[in-house]
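Shown next: start.csv, given as CSV, C-alpha atoms.
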```csv
chain,number,residue,atom,x,y,z
A,1,MET,CA,0.0,0.0,0.0
A,2,ASP,CA,1.4,3.4,-1.0
A,3,ASN,CA,1.3,6.5,1.2
A,4,LEU,CA,0.3,9.7,-0.7
A,5,ASN,CA,2.2,11.9,1.7
A,6,THR,CA,5.4,10.0,1.2
A,7,LEU,CA,4.9,9.8,-2.6
A,8,THR,CA,4.3,13.6,-2.7
A,9,ARG,CA,7.4,14.4,-0.7
A,10,ASN,CA,9.6,12.1,-2.8
A,11,GLN,CA,8.2,13.4,-6.1
A,12,ILE,CA,8.7,17.0,-5.1
A,13,ASP,CA,12.3,16.2,-4.1
A,14,ASP,CA,12.9,14.5,-7.4
A,15,ALA,CA,11.4,17.4,-9.4
A,16,ARG,CA,13.7,19.8,-7.5
A,17,ALA,CA,16.7,17.7,-8.5
A,18,SER,CA,15.6,17.3,-12.1
A,19,ALA,CA,16.9,19.7,-14.8
A,20,HIS,CA,13.3,19.9,-16.2
A,21,GLY,CA,11.7,20.6,-12.8
A,22,ARG,CA,9.3,17.7,-12.9
A,23,SER,CA,8.9,14.1,-11.8
A,24,ALA,CA,6.2,11.5,-12.0
A,25,HIS,CA,5.5,8.1,-10.4
A,26,LEU,CA,2.8,5.7,-11.6
A,27,PHE,CA,1.9,3.9,-8.5
A,28,LEU,CA,-1.3,2.1,-9.4
A,29,HIS,CA,-1.9,0.3,-12.6
A,30,ASP,CA,-5.0,-1.9,-12.7
A,31,GLY,CA,-6.4,-2.6,-16.1
A,32,PRO,CA,-7.5,0.7,-17.6
A,33,LEU,CA,-7.1,2.6,-14.3
A,34,ARG,CA,-3.9,4.6,-13.7
A,35,GLN,CA,-2.9,6.7,-10.7
A,36,THR,CA,0.2,8.9,-10.9
A,37,VAL,CA,1.7,11.5,-8.6
A,38,ILE,CA,3.2,14.3,-10.7
A,39,ALA,CA,5.4,17.0,-9.2
A,40,LEU,CA,6.4,20.3,-10.8
A,41,THR,CA,8.6,23.0,-9.5
A,42,ALA,CA,7.3,26.6,-9.7
A,43,GLY,CA,7.2,27.8,-13.3
A,44,SER,CA,7.6,24.2,-14.7
A,45,ALA,CA,4.9,22.9,-17.0
A,46,LEU,CA,3.5,19.9,-18.8
A,47,ASP,CA,3.0,20.9,-22.4
A,48,GLU,CA,-0.4,20.6,-24.0
A,49,HIS,CA,-1.5,17.0,-24.5
A,50,ASN,CA,-4.6,14.9,-25.2
A,51,SER,CA,-6.8,13.8,-22.5
A,52,PRO,CA,-7.6,10.1,-21.7
A,53,PRO,CA,-11.3,9.1,-21.9
A,54,ALA,CA,-11.8,10.0,-18.2
A,55,ALA,CA,-9.5,11.6,-15.7
A,56,SER,CA,-9.4,13.8,-12.6
A,57,LEU,CA,-6.7,15.9,-11.1
A,58,GLN,CA,-6.3,16.5,-7.4
A,59,VAL,CA,-3.8,19.0,-6.0
A,60,LEU,CA,-1.9,17.4,-3.2
A,61,ARG,CA,0.4,20.3,-2.5
A,62,GLY,CA,0.9,23.8,-4.0
A,63,ARG,CA,-1.0,25.6,-6.7
A,64,VAL,CA,-1.3,24.7,-10.4
A,65,ARG,CA,-3.0,26.1,-13.5
A,66,LEU,CA,-4.7,24.1,-16.2
A,67,THR,CA,-3.7,25.7,-19.5
A,68,GLY,CA,-5.1,25.6,-23.0
A,69,VAL,CA,-8.7,25.5,-21.7
A,70,ALA,CA,-11.2,28.3,-21.5
A,71,GLY,CA,-10.5,30.4,-18.4
A,72,GLN,CA,-7.3,28.6,-17.4
A,73,GLU,CA,-8.6,27.1,-14.2
A,74,GLU,CA,-6.3,27.5,-11.2
A,75,LEU,CA,-6.4,24.9,-8.4
A,76,THR,CA,-4.9,24.8,-4.9
A,77,ALA,CA,-4.1,22.0,-2.5
A,78,GLY,CA,-7.2,20.0,-1.6
A,79,GLN,CA,-9.1,20.8,-4.8
A,80,VAL,CA,-10.0,18.2,-7.4
A,81,THR,CA,-11.5,18.6,-10.9
A,82,ALA,CA,-12.4,16.5,-13.9
A,83,LEU,CA,-9.9,17.0,-16.7
A,84,PRO,CA,-11.3,18.5,-19.9
A,85,HIS,CA,-11.9,16.3,-22.9
A,86,GLU,CA,-9.7,18.6,-25.0
A,87,ARG,CA,-6.0,19.4,-25.3
A,88,HIS,CA,-4.6,21.0,-22.1
A,89,GLY,CA,-1.4,21.5,-20.2
A,90,LEU,CA,-0.5,22.1,-16.6
A,91,LEU,CA,1.7,24.9,-15.1
A,92,ALA,CA,3.0,25.0,-11.5
A,93,VAL,CA,2.4,28.4,-10.0
A,94,GLU,CA,4.5,27.2,-7.0
A,95,ASP,CA,6.2,23.9,-6.2
A,96,SER,CA,3.3,21.4,-6.5
A,97,ALA,CA,2.3,17.8,-6.6
A,98,VAL,CA,-0.9,16.5,-8.1
A,99,LEU,CA,-2.6,13.1,-8.2
A,100,LEU,CA,-3.7,12.2,-11.7
A,101,THR,CA,-6.4,9.5,-11.9
A,102,ALA,CA,-7.0,8.3,-15.4
A,103,VAL,CA,-9.1,5.7,-17.1
A,104,THR,CA,-7.4,4.8,-20.4
A,105,LYS,CA,-10.3,3.1,-22.1
A,106,VAL,CA,-14.1,2.8,-21.4
A,107,ALA,CA,-16.4,0.1,-22.6
A,108,HIS,CA,-18.6,1.2,-25.5
A,109,ARG,CA,-22.3,1.4,-24.4
A,110,ALA,CA,-25.2,0.9,-26.8
A,111,ARG,CA,-27.0,4.1,-27.4
A,112,GLY,CA,-29.6,4.7,-24.7
A,113,ALA,CA,-28.3,1.9,-22.5
A,114,ALA,CA,-28.1,2.6,-18.8
A,115,PRO,CA,-24.7,2.6,-17.1
A,116,VAL,CA,-24.0,-0.6,-15.2
A,117,ALA,CA,-24.1,1.1,-11.8
A,118,ALA,CA,-27.4,2.8,-12.5
A,119,ALA,CA,-28.9,-0.5,-13.8
A,120,ARG,CA,-28.1,-2.2,-10.5
A,121,GLY,CA,-29.7,0.6,-8.4
```
As structure tokens - that is how I would like this structure written.
Amino acid sequence: MDNLNTLTRNQIDDARASAHGRSAHLFLHDGPLRQTVIALTAGSALDEHNSPPAASLQVLRGRVRLTGVAGQEELTAGQVTALPHERHGLLAVEDSAVLLTAVTKVAHRARGAAPVAAARG
């Protein structure tokens, strides 16, 4: 079992030691589910990239800005948001660590079919 506080500290330390000011550690990989702690030093960024079918971003420490999306949403420690289904980037306003939770593929549903969880309800 991983400890998010320890992963956060380690990734921020690694980002500070990196020439690029960033570090990432994929700590959970279960089928299409991925969870990664990403650390960025102040002013460092992840360039614009495509989004997986479903993803959320939770700020574990610091302050970050989603870029390339309308309004350039800024998030602080403790906040979580769904990632947009369009190209976006991430800029660290201060030394930061985020938890990226991503689902890399989703089952195709027949049009009008209820989601599995709703069908059980």
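Checking A:Leu33, A:Ala42, A:Ala92, A:Leu66 one by one against A:Val106, counting all atoms listed in the file, you find the shortest gap at A:Leu33.
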Selected residue, from A:Ser51, A:Gln11, A:Gln58, A:Thr67, that lies nearest to A:Val93 when counting all atoms listed in the file: A:Thr67
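Compared by their closest atoms to A:Glu73, and using only C-alpha atoms, the residues A:Leu90, A:Leu60, A:Val98, A:Met1 rank with A:Leu90 nearest.
What separates atom CA of A:Thr41 from atom CA of A:Thr101 is a distance of 20.3 Å.
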For the atom pair atom CA of A:Leu100 and atom CA of A:Asn10, what is the interatomic distance in Å to one decimal place? 16.0 Å
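Across A:Glu86, A:Asp2, A:Glu94, A:Glu74, the tightest approach to A:Gln35 is made by A:Asp2 when counting all atoms listed in the file.
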So that I can check the surroundings of A:Thr104, please list as an mmCIF file with C-alpha atoms, in the frame of the given file every protein, DNA and RNA residue that reaches within 8 Å of it, counting only C-alpha atoms and ignoring chain neighbours fewer than 3 positions away.
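What landed in out_13.cif:
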```cif
data_model
loop_
_atom_site.group_PDB
_atom_site.id
_atom_site.type_symbol
_atom_site.label_atom_id
_atom_site.label_comp_id
_atom_site.auth_asym_id
_atom_site.auth_seq_id
_atom_site.Cartn_x
_atom_site.Cartn_y
_atom_site.Cartn_z
ATOM 1 C CA PRO A 32 -7.500 0.700 -17.600
ATOM 2 C CA LEU A 33 -7.100 2.600 -14.300
ATOM 3 C CA ARG A 34 -3.900 4.600 -13.700
ATOM 4 C CA PRO A 52 -7.600 10.100 -21.700
ATOM 5 C CA PRO A 53 -11.300 9.100 -21.900
ATOM 6 C CA ALA A 54 -11.800 10.000 -18.200
#
```
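When atom CA of A:Leu7 is paired with atom CA of A:Ala102, their separation reads 17.5 Å.
Counting all atoms listed in the file and comparing A:Leu40, A:Ala24, A:Leu57, A:Ile12, the residue that lies closest to A:Pro84 is A:Leu57.
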Using all atoms listed in the file, the best pick from A:Leu91, A:Val103, A:Ala77, A:Ala97 as closest to A:His25 would be A:Ala97
With only C-alpha atoms counted, which protein, DNA or RNA residues have an atom no more than 9 Å from (-1.1, 16.7, -20.7) in the file frame? Please answer as a VMD selection string. chain A and resid 46 to 51 87 to 90
